$ cat work_14.csv   # CSV, C-alpha atoms
chain,number,residue,atom,x,y,z
A,1,MET,CA,-27.5,-82.8,195.4
A,2,MET,CA,-29.5,-85.3,193.4
A,3,LYS,CA,-31.9,-82.5,192.3
A,4,GLN,CA,-29.0,-80.5,191.0
A,5,ILE,CA,-27.7,-83.4,189.0
A,6,VAL,CA,-31.1,-84.1,187.5
A,7,TYR,CA,-31.5,-80.4,186.6
A,8,ALA,CA,-28.0,-80.4,185.0
A,9,ILE,CA,-28.8,-83.5,182.9
A,10,ALA,CA,-32.2,-82.0,181.8
A,11,ALA,CA,-30.5,-78.8,180.7
A,12,ILE,CA,-27.9,-80.7,178.7
A,13,VAL,CA,-30.7,-82.7,176.9
A,14,ILE,CA,-32.6,-79.5,176.1
A,15,ILE,CA,-29.5,-77.9,174.6
A,16,LEU,CA,-28.7,-81.0,172.5
A,17,LEU,CA,-32.2,-81.0,171.1
A,18,ALA,CA,-32.3,-77.3,170.4
A,19,VAL,CA,-28.9,-77.0,168.6
A,20,PRO,CA,-29.9,-79.0,165.5
A,21,SER,CA,-33.1,-77.0,165.1
A,22,MET,CA,-31.2,-73.7,165.4
A,23,LEU,CA,-28.7,-74.9,162.8
A,24,VAL,CA,-31.5,-75.7,160.4
A,25,LEU,CA,-32.9,-72.2,160.8
A,26,ILE,CA,-29.5,-70.6,160.3
A,27,TYR,CA,-28.5,-72.6,157.2
A,28,GLN,CA,-30.4,-71.9,154.0
A,29,ALA,CA,-29.6,-73.7,150.7
A,30,PRO,CA,-28.9,-71.4,147.7
A,31,ALA,CA,-32.1,-70.1,146.1
A,32,GLU,CA,-31.2,-71.5,142.6
A,33,ARG,CA,-30.6,-75.0,143.9
A,34,PRO,CA,-33.5,-77.4,143.1
A,35,VAL,CA,-35.4,-79.1,145.9
A,36,GLN,CA,-33.4,-82.3,145.7
A,37,GLN,CA,-29.8,-82.2,146.8
A,38,VAL,CA,-28.5,-83.0,143.4
A,39,ALA,CA,-24.8,-83.4,144.2
A,40,GLU,CA,-25.7,-86.1,146.8
A,41,GLU,CA,-28.4,-87.8,144.8
A,42,LYS,CA,-27.6,-91.5,144.3
A,43,GLY,CA,-30.0,-92.3,141.5
A,44,THR,CA,-31.4,-95.8,140.9
A,45,PRO,CA,-28.7,-98.4,141.0
A,46,MET,CA,-27.9,-100.3,137.8
A,47,SER,CA,-28.3,-104.1,137.7
A,48,PRO,CA,-25.1,-106.0,138.7
A,49,ALA,CA,-24.5,-107.1,135.1
A,50,VAL,CA,-24.6,-103.5,133.8
A,51,GLN,CA,-22.7,-102.1,136.8
A,52,LYS,CA,-19.7,-104.3,135.8
A,53,GLN,CA,-19.5,-102.5,132.5
A,54,ILE,CA,-19.0,-99.0,134.0
A,55,LYS,CA,-15.5,-98.1,132.9
A,56,HIS,CA,-13.7,-95.0,131.8
A,57,ILE,CA,-12.2,-95.4,128.4
A,58,ASP,CA,-9.0,-93.6,127.5
A,59,PHE,CA,-10.0,-91.9,124.2
A,60,SER,CA,-10.4,-88.3,123.1
A,61,VAL,CA,-13.0,-87.0,120.7
A,62,ARG,CA,-12.0,-84.3,118.2
A,63,VAL,CA,-14.8,-81.8,118.1
A,64,PHE,CA,-15.0,-79.2,115.3
A,65,ARG,CA,-16.2,-75.9,116.9
A,66,VAL,CA,-18.3,-74.2,114.3
A,67,GLY,CA,-18.1,-70.9,116.1
A,68,THR,CA,-14.3,-70.7,116.0
A,69,GLY,CA,-13.4,-73.0,113.2
A,70,LYS,CA,-11.0,-74.9,115.5
A,71,ILE,CA,-10.9,-78.5,116.6
A,72,ASP,CA,-11.0,-79.2,120.4
A,73,THR,CA,-9.6,-82.6,121.6
A,74,VAL,CA,-11.9,-83.7,124.5
A,75,PRO,CA,-11.7,-86.8,126.6
A,76,LEU,CA,-14.7,-89.1,125.8
A,77,GLU,CA,-16.6,-88.7,129.0
A,78,GLU,CA,-16.0,-84.9,129.1
A,79,TYR,CA,-17.5,-84.9,125.5
A,80,VAL,CA,-20.5,-86.8,126.7
A,81,MET,CA,-20.9,-84.3,129.6
A,82,GLY,CA,-20.9,-81.4,127.1
A,83,VAL,CA,-23.5,-83.1,124.9
A,84,VAL,CA,-25.9,-83.9,127.8
A,85,ALA,CA,-25.5,-80.3,129.0
A,86,GLY,CA,-26.3,-79.0,125.5
A,87,GLU,CA,-29.1,-81.5,124.7
A,88,MET,CA,-31.1,-82.0,127.9
A,89,PRO,CA,-32.1,-79.7,130.8
A,90,ALA,CA,-30.0,-80.3,133.9
A,91,GLU,CA,-33.2,-80.0,135.9
A,92,PHE,CA,-34.4,-83.3,134.5
A,93,GLU,CA,-34.5,-86.4,136.7
A,94,ILE,CA,-31.2,-88.2,137.2
A,95,GLU,CA,-32.4,-91.4,135.5
A,96,ALA,CA,-33.4,-89.4,132.4
A,97,LEU,CA,-30.0,-87.7,132.3
A,98,LYS,CA,-28.3,-91.1,132.5
A,99,ALA,CA,-30.4,-92.4,129.6
A,100,GLN,CA,-29.4,-89.3,127.6
A,101,ALA,CA,-25.8,-90.0,128.5
A,102,MET,CA,-26.0,-93.5,127.1
A,103,ALA,CA,-27.7,-92.3,123.9
A,104,ALA,CA,-25.1,-89.5,123.4
A,105,ARG,CA,-22.1,-91.9,124.1
A,106,THR,CA,-23.7,-94.4,121.7
A,107,TYR,CA,-24.0,-91.8,118.9
A,108,ILE,CA,-20.3,-90.9,119.0
A,109,THR,CA,-19.2,-94.5,119.4
A,110,LEU,CA,-21.2,-95.5,116.2
A,111,ARG,CA,-19.4,-92.7,114.3
A,112,LEU,CA,-16.0,-93.8,115.5
A,113,ALA,CA,-16.8,-97.4,114.7
A,114,LYS,CA,-17.8,-96.6,111.2
A,115,LYS,CA,-14.9,-94.2,110.7
A,116,ASP,CA,-17.0,-92.2,108.3
A,117,PHE,CA,-16.1,-88.5,108.8
A,118,LYS,CA,-16.8,-87.2,105.4
A,119,ASP,CA,-19.3,-84.6,106.7
A,120,VAL,CA,-16.8,-82.9,109.0
A,121,PRO,CA,-13.5,-81.0,108.4
A,122,LYS,CA,-10.3,-83.0,108.2
A,123,ASP,CA,-9.1,-84.5,111.5
A,124,ALA,CA,-12.4,-84.0,113.2
A,125,HIS,CA,-14.8,-86.7,114.4
A,126,VAL,CA,-17.9,-84.6,114.9
A,127,THR,CA,-19.2,-81.0,115.0
A,128,ASP,CA,-20.8,-79.2,118.0
A,129,THR,CA,-24.1,-78.5,116.4
A,130,VAL,CA,-27.5,-80.2,115.8
A,131,LYS,CA,-26.0,-81.6,112.6
A,132,HIS,CA,-24.5,-84.2,115.0
A,133,GLN,CA,-24.9,-83.5,118.7
A,134,VAL,CA,-25.0,-80.1,120.5
A,135,TYR,CA,-21.8,-79.8,122.6
A,136,MET,CA,-21.0,-77.1,125.2
A,137,ASP,CA,-17.6,-76.6,126.7
A,138,ASP,CA,-17.1,-75.4,130.3
A,139,LYS,CA,-17.0,-71.7,129.3
A,140,GLN,CA,-20.3,-72.0,127.5
A,141,LYS,CA,-21.9,-73.9,130.4
A,142,ARG,CA,-20.8,-71.2,132.8
A,143,GLU,CA,-22.3,-68.5,130.6
A,144,ARG,CA,-25.6,-70.3,130.1
A,145,TRP,CA,-26.1,-71.5,133.7
A,146,GLY,CA,-24.7,-68.5,135.6
A,147,SER,CA,-25.1,-69.0,139.4
A,148,ALA,CA,-26.7,-72.4,138.8
A,149,TYR,CA,-23.4,-73.7,137.3
A,150,THR,CA,-22.2,-75.6,140.3
A,151,TRP,CA,-25.2,-77.8,141.0
A,152,LYS,CA,-26.0,-78.4,137.3
A,153,GLU,CA,-22.4,-79.4,136.5
A,154,ALA,CA,-22.4,-81.8,139.5
A,155,ARG,CA,-25.8,-83.3,138.5
A,156,ILE,CA,-24.7,-84.0,134.9
A,157,ARG,CA,-21.3,-85.3,136.0
A,158,GLN,CA,-23.2,-87.8,138.2
A,159,ALA,CA,-25.2,-89.1,135.2
A,160,ILE,CA,-22.0,-89.5,133.2
A,161,GLU,CA,-20.0,-91.2,136.0
A,162,GLN,CA,-22.8,-93.7,136.7
A,163,THR,CA,-23.0,-94.7,133.1
A,164,ALA,CA,-19.3,-94.3,132.1
A,165,GLY,CA,-18.3,-96.3,129.0
A,166,GLN,CA,-21.8,-97.6,128.5
A,167,VAL,CA,-23.4,-97.8,125.0
A,168,LEU,CA,-26.6,-99.3,123.5
A,169,THR,CA,-26.2,-102.1,121.1
A,170,TYR,CA,-28.4,-104.3,118.9
A,171,GLN,CA,-27.0,-107.6,117.6
A,172,ASN,CA,-23.6,-106.7,118.9
A,173,GLU,CA,-23.3,-103.3,117.2
A,174,PRO,CA,-23.8,-99.8,118.5
A,175,ILE,CA,-27.3,-98.5,117.6
A,176,ASN,CA,-28.3,-95.3,115.8
A,177,ALA,CA,-29.5,-93.8,119.2
A,178,THR,CA,-31.6,-91.0,117.8
A,179,PHE,CA,-33.5,-88.7,120.2
A,180,PHE,CA,-35.7,-85.7,120.1
A,181,SER,CA,-37.3,-83.2,122.5
A,182,THR,CA,-41.1,-83.8,122.6
A,183,SER,CA,-43.5,-86.4,121.1
A,184,ASN,CA,-47.1,-85.9,120.0
A,185,GLY,CA,-48.0,-88.8,122.2
A,186,TYR,CA,-46.1,-91.4,120.1
A,187,THR,CA,-42.7,-92.0,118.7
A,188,GLU,CA,-42.3,-92.8,115.1
A,189,ASN,CA,-41.3,-95.9,113.2
A,190,SER,CA,-37.9,-95.1,111.5
A,191,GLU,CA,-39.2,-95.9,108.0
A,192,ASP,CA,-41.9,-93.3,108.3
A,193,TYR,CA,-39.4,-90.5,108.6
A,194,TRP,CA,-36.2,-91.8,107.0
A,195,GLU,CA,-37.6,-94.5,104.7
A,196,THR,CA,-35.3,-97.1,106.3
A,197,ARG,CA,-36.7,-99.8,108.6
A,198,ILE,CA,-34.6,-100.1,111.7
A,199,PRO,CA,-35.8,-102.9,114.0
A,200,TYR,CA,-35.1,-101.2,117.3
A,201,LEU,CA,-36.7,-97.8,116.3
A,202,ARG,CA,-40.4,-98.7,116.6
A,203,SER,CA,-43.4,-96.5,117.4
A,204,VAL,CA,-44.4,-96.5,121.1
A,205,LYS,CA,-46.9,-94.6,123.2
A,206,VAL,CA,-45.5,-91.6,125.1
A,207,PRO,CA,-48.2,-90.2,127.4
A,208,TRP,CA,-45.8,-88.0,129.4
A,209,ASP,CA,-45.0,-85.3,126.9
A,210,ASN,CA,-48.1,-83.1,127.1
A,211,ILE,CA,-46.5,-81.1,130.0
A,212,SER,CA,-43.6,-80.1,127.7
A,213,PRO,CA,-43.5,-76.4,126.7
A,214,ASN,CA,-42.9,-77.6,123.2
A,215,TYR,CA,-45.9,-79.9,123.1
A,216,GLU,CA,-48.2,-77.6,121.1
A,217,GLU,CA,-47.6,-74.6,118.9
A,218,THR,CA,-49.6,-72.5,116.4
A,219,VAL,CA,-47.9,-70.9,113.5
A,220,THR,CA,-49.6,-68.2,111.4
A,221,MET,CA,-48.7,-67.1,107.9
A,222,THR,CA,-50.5,-65.6,104.9
A,223,VAL,CA,-51.8,-67.7,102.0
A,224,GLN,CA,-49.2,-66.1,99.8
A,225,GLN,CA,-46.4,-67.0,102.1
A,226,MET,CA,-47.5,-70.6,102.2
A,227,GLU,CA,-47.8,-70.7,98.4
A,228,LYS,CA,-44.3,-69.4,98.0
A,229,LYS,CA,-42.7,-71.8,100.5
A,230,LEU,CA,-44.5,-74.9,99.1
A,231,LYS,CA,-44.4,-73.7,95.5
A,232,THR,CA,-48.0,-74.5,95.0
A,233,LYS,CA,-51.3,-72.6,94.3
A,234,ILE,CA,-54.0,-72.8,96.9
A,235,ALA,CA,-57.6,-72.8,95.5
A,236,GLN,CA,-59.3,-69.4,95.9
A,237,PRO,CA,-62.3,-70.7,97.9
A,238,ALA,CA,-59.9,-71.3,100.7
A,239,ALA,CA,-59.9,-67.6,101.4
A,240,ALA,CA,-63.5,-67.8,102.4
A,241,GLY,CA,-62.7,-70.3,105.1
A,242,GLY,CA,-63.3,-73.6,103.4
A,243,ASN,CA,-60.9,-76.5,104.1
A,244,THR,CA,-61.0,-78.2,100.7
A,245,TRP,CA,-57.7,-76.7,99.7
A,246,GLN,CA,-55.8,-79.3,101.8
A,247,LYS,CA,-56.4,-82.9,102.8
A,248,VAL,CA,-54.4,-85.4,104.9
A,249,LEU,CA,-54.1,-88.5,102.7
A,250,SER,CA,-52.5,-90.9,105.3
A,251,ARG,CA,-50.9,-91.0,108.7
A,252,THR,CA,-47.9,-92.8,110.1
A,253,ALA,CA,-47.9,-95.3,113.0
A,254,GLY,CA,-47.0,-92.4,115.2
A,255,GLN,CA,-50.1,-90.4,114.1
A,256,ARG,CA,-48.1,-87.8,112.2
A,257,VAL,CA,-48.9,-86.7,108.7
A,258,LYS,CA,-47.5,-89.2,106.2
A,259,GLU,CA,-48.9,-87.6,103.0
A,260,VAL,CA,-51.0,-84.5,102.5
A,261,LYS,CA,-52.4,-82.8,99.5
A,262,ILE,CA,-52.1,-79.0,99.5
A,263,GLY,CA,-53.3,-77.1,96.5
A,264,ASP,CA,-52.4,-79.1,93.5
A,265,LYS,CA,-49.4,-80.9,95.0
A,266,THR,CA,-48.9,-83.9,97.3
A,267,PHE,CA,-46.2,-83.7,100.0
A,268,THR,CA,-44.9,-86.0,102.7
A,269,GLY,CA,-45.4,-84.7,106.2
A,270,ARG,CA,-41.6,-84.4,106.6
A,271,GLU,CA,-41.4,-82.2,103.5
A,272,VAL,CA,-44.1,-79.8,104.8
A,273,ARG,CA,-42.4,-79.7,108.2
A,274,THR,CA,-39.1,-78.8,106.6
A,275,MET,CA,-40.4,-76.3,104.0
A,276,LEU,CA,-42.6,-74.4,106.4
A,277,GLY,CA,-40.1,-74.7,109.4
A,278,LEU,CA,-42.6,-76.5,111.7
A,279,LYS,CA,-41.6,-78.1,115.0
A,280,SER,CA,-43.3,-81.4,114.0
A,281,SER,CA,-44.8,-83.3,111.2
A,282,HIS,CA,-48.0,-83.7,113.2
A,283,PHE,CA,-49.9,-80.7,112.1
A,284,ALA,CA,-53.4,-79.5,111.2
A,285,MET,CA,-54.1,-76.5,108.9
A,286,SER,CA,-57.0,-74.1,108.6
A,287,ILE,CA,-57.6,-70.7,107.0
A,288,GLU,CA,-59.1,-67.9,109.1
A,289,ASN,CA,-59.5,-64.3,108.0
A,290,GLY,CA,-57.3,-64.8,105.0
A,291,LYS,CA,-54.4,-66.3,107.0
A,292,VAL,CA,-53.2,-69.9,107.4
A,293,LYS,CA,-53.1,-71.3,110.9
A,294,ILE,CA,-51.0,-74.4,111.5
A,295,ARG,CA,-51.2,-76.2,114.8
A,296,THR,CA,-48.4,-78.7,115.6
A,297,LEU,CA,-48.0,-81.3,118.3
A,298,GLY,CA,-44.5,-82.3,119.5
A,299,TYR,CA,-41.1,-81.1,118.7
A,300,GLY,CA,-38.6,-83.0,116.6
A,301,HIS,CA,-38.5,-85.9,114.1
A,302,GLY,CA,-40.1,-88.2,116.6
A,303,VAL,CA,-37.8,-91.2,116.1
A,304,GLY,CA,-36.1,-92.9,119.1
A,305,MET,CA,-36.1,-91.5,122.6
A,306,SER,CA,-38.4,-88.6,123.6
A,307,GLN,CA,-36.4,-86.5,126.1
A,308,TRP,CA,-39.6,-85.3,127.9
A,309,GLY,CA,-40.9,-88.8,127.8
A,310,ALA,CA,-37.7,-90.1,129.4
A,311,ASN,CA,-38.1,-87.5,132.1
A,312,GLY,CA,-41.8,-88.5,132.6
A,313,MET,CA,-40.8,-92.1,133.0
A,314,ALA,CA,-38.0,-91.2,135.5
A,315,LYS,CA,-40.6,-89.3,137.6
A,316,GLU,CA,-42.6,-92.5,137.8
A,317,GLY,CA,-39.6,-94.3,139.1
A,318,LYS,CA,-38.3,-96.0,136.0
A,319,THR,CA,-34.5,-96.6,135.8
A,320,ALA,CA,-32.3,-95.4,132.9
A,321,GLU,CA,-32.1,-99.1,131.8
A,322,GLU,CA,-35.9,-99.3,131.6
A,323,ILE,CA,-36.1,-96.0,129.8
A,324,VAL,CA,-33.7,-96.9,127.0
A,325,SER,CA,-35.2,-100.3,126.7
A,326,TYR,CA,-38.6,-98.8,126.2
A,327,PHE,CA,-37.6,-96.4,123.5
A,328,TYR,CA,-35.0,-98.6,121.7
A,329,LYS,CA,-36.5,-102.1,121.4
A,330,GLY,CA,-34.4,-105.2,122.0
A,331,VAL,CA,-31.2,-103.3,122.8
A,332,GLN,CA,-28.4,-104.3,125.2
A,333,ILE,CA,-26.0,-102.2,127.3
A,334,GLU,CA,-22.3,-102.9,126.7
A,335,SER,CA,-19.0,-101.2,127.0
A,336,ALA,CA,-17.9,-99.0,124.2
A,337,GLU,CA,-14.3,-100.1,124.5
A,338,LYS,CA,-14.1,-102.7,121.8
A,339,TRP,CA,-15.5,-100.3,119.1
A,340,ILE,CA,-13.5,-97.2,120.2
A,341,LYS,CA,-10.1,-99.0,120.5

$ encode --input "work_14.csv" --output "structure tokens"
Amino acid sequence: MMKQIVYAIAAIVIILLAVPSMLVLIYQAPAERPVQQVAEEKGTPMSPAVQKQIKHIDFSVRVFRVGTGKIDTVPLEEYVMGVVAGEMPAEFEIEALKAQAMAARTYITLRLAKKDFKDVPKDAHVTDTVKHQVYMDDKQKRERWGSAYTWKEARIRQAIEQTAGQVLTYQNEPINATFFSTSNGYTENSEDYWETRIPYLRSVKVPWDNISPNYEETVTMTVQQMEKKLKTKIAQPAAAGGNTWQKVLSRTAGQRVKEVKIGDKTFTGREVRTMLGLKSSHFAMSIENGKVKIRTLGYGHGVGMSQWGANGMAKEGKTAEEIVSYFYKGVQIESAEKWIK
């Protein structure tokens, strides 16, 4: 009798051990889902002082939709969700997405605080393009993400919920929370790109961006095309492969071109970037076989937060608070409520 009881107990134990293993083999996560279970990911907790500031604010943003010519009225946090979806890959680390959410919320809060809407149609606060911030509504997200919509939407919503109402301030005012895709290894001092010194927009090292697909690019054009775009004449010896036709005169704190002489004219690096349609004002030029080759490093104006840099910091375990404090010097995290109301 005792033997039968022992055998019965042993059989039950074996079954209990086997069932979980069988369930693991039976259940497979969707192929498009990332390795981490994003909907359940907790992220790094905010400090108690910052945590107290998490608050949904009852306010709607009026977004001018350039594609339709209509104005959509969108709750504040839904607007921030649409901006984060449009401006940063959902695959990025949750702490990077949270940093992006704070930057995006700060941008619209500053516009609302200033009440300066001269650059948008009547009754609108902002457009949905890079002129301000790229914004995607739910339909656009579904079209872009396809079968990955569910986990990407959940992941971005998590970043918005964990930072709800939070903005970045300097001396008790919302900051100009500029951001861009990829650095050349450094961010830029504000005055080196916009000619206005802003104390929290200082150049910092960004060693994480060299894995970005936008880190390096080479553009090729004919000598004639460059002459036409820059409205200058390149010296003829350049066609033979010499490099005397251009010279970098100075560089910024962020190692980008500050001034360069091309042909008989002197340009700022920003002017060359704009006129030639380059990804960055960090560039090097050469002429090979009668064609101009321009190699650029980075993507964007370089001022403020590098998105790929933010993701690199998050991969190393940095929190959203630490990320924004690194790229925006001396800032605080506060509730947007007093400026929006």

$ atom_distance --input "work_14.csv" --atom1 "atom CA of A:Ile262" --atom2 "atom CA of A:Leu230"
8.6 Å

$ residues_around --input "work_14.csv" --residues "stretch 170-179 of chain A" --least-positions-apart "3" --cutoff "6 Å" --atoms "all atoms listed in the file" --output "NGL selection string"
:A and (103 or 107 or 110 or 304-306 or 331)

$ residues_around --input "work_14.csv" --residues "A:Arg197" --least-positions-apart "5" --cutoff "12 Å" --atoms "only C-alpha atoms" --output "PyMOL selection string"
chain A and resi 176+188-192+202-203+303

$ residues_around --input "work_14.csv" --residues "stretch 283-291 of chain A" --least-positions-apart "5" --cutoff "12 Å" --atoms "only C-alpha atoms" --output "short mmCIF file (atom, residue, chain, number, x, y, z; two decimals) with C-alpha atoms, in the coordinates of the input"
data_model
loop_
_atom_site.label_atom_id
_atom_site.label_comp_id
_atom_site.auth_asym_id
_atom_site.auth_seq_id
_atom_site.Cartn_x
_atom_site.Cartn_y
_atom_site.Cartn_z
CA ASN A 184 -47.10 -85.90 120.00
CA TYR A 215 -45.90 -79.90 123.10
CA GLU A 216 -48.20 -77.60 121.10
CA GLU A 217 -47.60 -74.60 118.90
CA THR A 218 -49.60 -72.50 116.40
CA VAL A 219 -47.90 -70.90 113.50
CA THR A 220 -49.60 -68.20 111.40
CA MET A 221 -48.70 -67.10 107.90
CA THR A 222 -50.50 -65.60 104.90
CA VAL A 223 -51.80 -67.70 102.00
CA GLN A 224 -49.20 -66.10 99.80
CA GLN A 225 -46.40 -67.00 102.10
CA MET A 226 -47.50 -70.60 102.20
CA GLU A 227 -47.80 -70.70 98.40
CA ILE A 234 -54.00 -72.80 96.90
CA ALA A 235 -57.60 -72.80 95.50
CA GLN A 236 -59.30 -69.40 95.90
CA PRO A 237 -62.30 -70.70 97.90
CA ALA A 238 -59.90 -71.30 100.70
CA ALA A 239 -59.90 -67.60 101.40
CA ALA A 240 -63.50 -67.80 102.40
CA GLY A 241 -62.70 -70.30 105.10
CA GLY A 242 -63.30 -73.60 103.40
CA ASN A 243 -60.90 -76.50 104.10
CA THR A 244 -61.00 -78.20 100.70
CA TRP A 245 -57.70 -76.70 99.70
CA GLN A 246 -55.80 -79.30 101.80
CA LYS A 247 -56.40 -82.90 102.80
CA VAL A 248 -54.40 -85.40 104.90
CA ARG A 251 -50.90 -91.00 108.70
CA GLN A 255 -50.10 -90.40 114.10
CA ARG A 256 -48.10 -87.80 112.20
CA VAL A 257 -48.90 -86.70 108.70
CA LYS A 258 -47.50 -89.20 106.20
CA GLU A 259 -48.90 -87.60 103.00
CA VAL A 260 -51.00 -84.50 102.50
CA LYS A 261 -52.40 -82.80 99.50
CA ILE A 262 -52.10 -79.00 99.50
CA THR A 268 -44.90 -86.00 102.70
CA GLY A 269 -45.40 -84.70 106.20
CA ARG A 270 -41.60 -84.40 106.60
CA VAL A 272 -44.10 -79.80 104.80
CA ARG A 273 -42.40 -79.70 108.20
CA LEU A 276 -42.60 -74.40 106.40
CA GLY A 277 -40.10 -74.70 109.40
CA LEU A 278 -42.60 -76.50 111.70
CA THR A 296 -48.40 -78.70 115.60
CA LEU A 297 -48.00 -81.30 118.30
CA GLY A 298 -44.50 -82.30 119.50
CA TYR A 299 -41.10 -81.10 118.70
#

$ atom_distance --input "work_14.csv" --atom1 "atom CA of A:Ile198" --atom2 "atom CA of A:Gly330"
11.5 Å

$ decode --input "work_14.csv" --residues "stretch 249-262 of chain A" --atoms "N, CA, C and O atoms" --output "compact mmCIF listing (two decimals), in the first residue's frame"
# COMPACT_ATOMS: atom_id res chain seq x y z
N LEU A 249 38.19 76.82 -42.61
CA LEU A 249 38.85 77.92 -41.91
C LEU A 249 38.75 77.79 -40.39
O LEU A 249 39.66 78.21 -39.67
N SER A 250 37.64 77.22 -39.90
CA SER A 250 37.48 77.05 -38.45
C SER A 250 36.41 76.00 -38.17
O SER A 250 35.59 75.68 -39.03
N ARG A 251 36.49 75.46 -36.96
CA ARG A 251 35.53 74.44 -36.54
C ARG A 251 34.84 74.87 -35.24
O ARG A 251 35.37 75.68 -34.48
N THR A 252 33.68 74.30 -35.00
CA THR A 252 32.92 74.61 -33.79
C THR A 252 33.42 73.75 -32.63
O THR A 252 34.23 72.84 -32.81
N ALA A 253 32.87 74.00 -31.45
CA ALA A 253 33.20 73.18 -30.28
C ALA A 253 32.78 71.73 -30.50
O ALA A 253 33.39 70.81 -29.97
N GLY A 254 31.76 71.53 -31.33
CA GLY A 254 31.28 70.19 -31.65
C GLY A 254 31.96 69.58 -32.86
O GLY A 254 31.46 68.58 -33.41
N GLN A 255 33.09 70.14 -33.28
CA GLN A 255 33.93 69.61 -34.36
C GLN A 255 33.30 69.69 -35.75
O GLN A 255 33.80 69.10 -36.70
N ARG A 256 32.21 70.42 -35.88
CA ARG A 256 31.62 70.62 -37.20
C ARG A 256 32.28 71.81 -37.89
O ARG A 256 33.01 72.56 -37.25
N VAL A 257 32.03 71.97 -39.16
CA VAL A 257 32.62 73.09 -39.90
C VAL A 257 31.94 74.39 -39.49
O VAL A 257 30.72 74.52 -39.59
N LYS A 258 32.74 75.35 -39.03
CA LYS A 258 32.19 76.66 -38.68
C LYS A 258 32.25 77.58 -39.89
O LYS A 258 31.25 78.20 -40.26
N GLU A 259 33.43 77.64 -40.51
CA GLU A 259 33.59 78.43 -41.73
C GLU A 259 34.44 77.66 -42.72
O GLU A 259 35.42 77.00 -42.34
N VAL A 260 34.11 77.78 -44.00
CA VAL A 260 34.87 77.10 -45.04
C VAL A 260 34.91 77.99 -46.28
O VAL A 260 33.92 78.66 -46.62
N LYS A 261 36.06 78.01 -46.93
CA LYS A 261 36.17 78.75 -48.19
C LYS A 261 36.09 77.77 -49.34
O LYS A 261 36.83 76.79 -49.40
N ILE A 262 35.14 77.99 -50.23
CA ILE A 262 34.96 77.15 -51.41
C ILE A 262 34.99 78.06 -52.63
O ILE A 262 34.18 78.98 -52.76
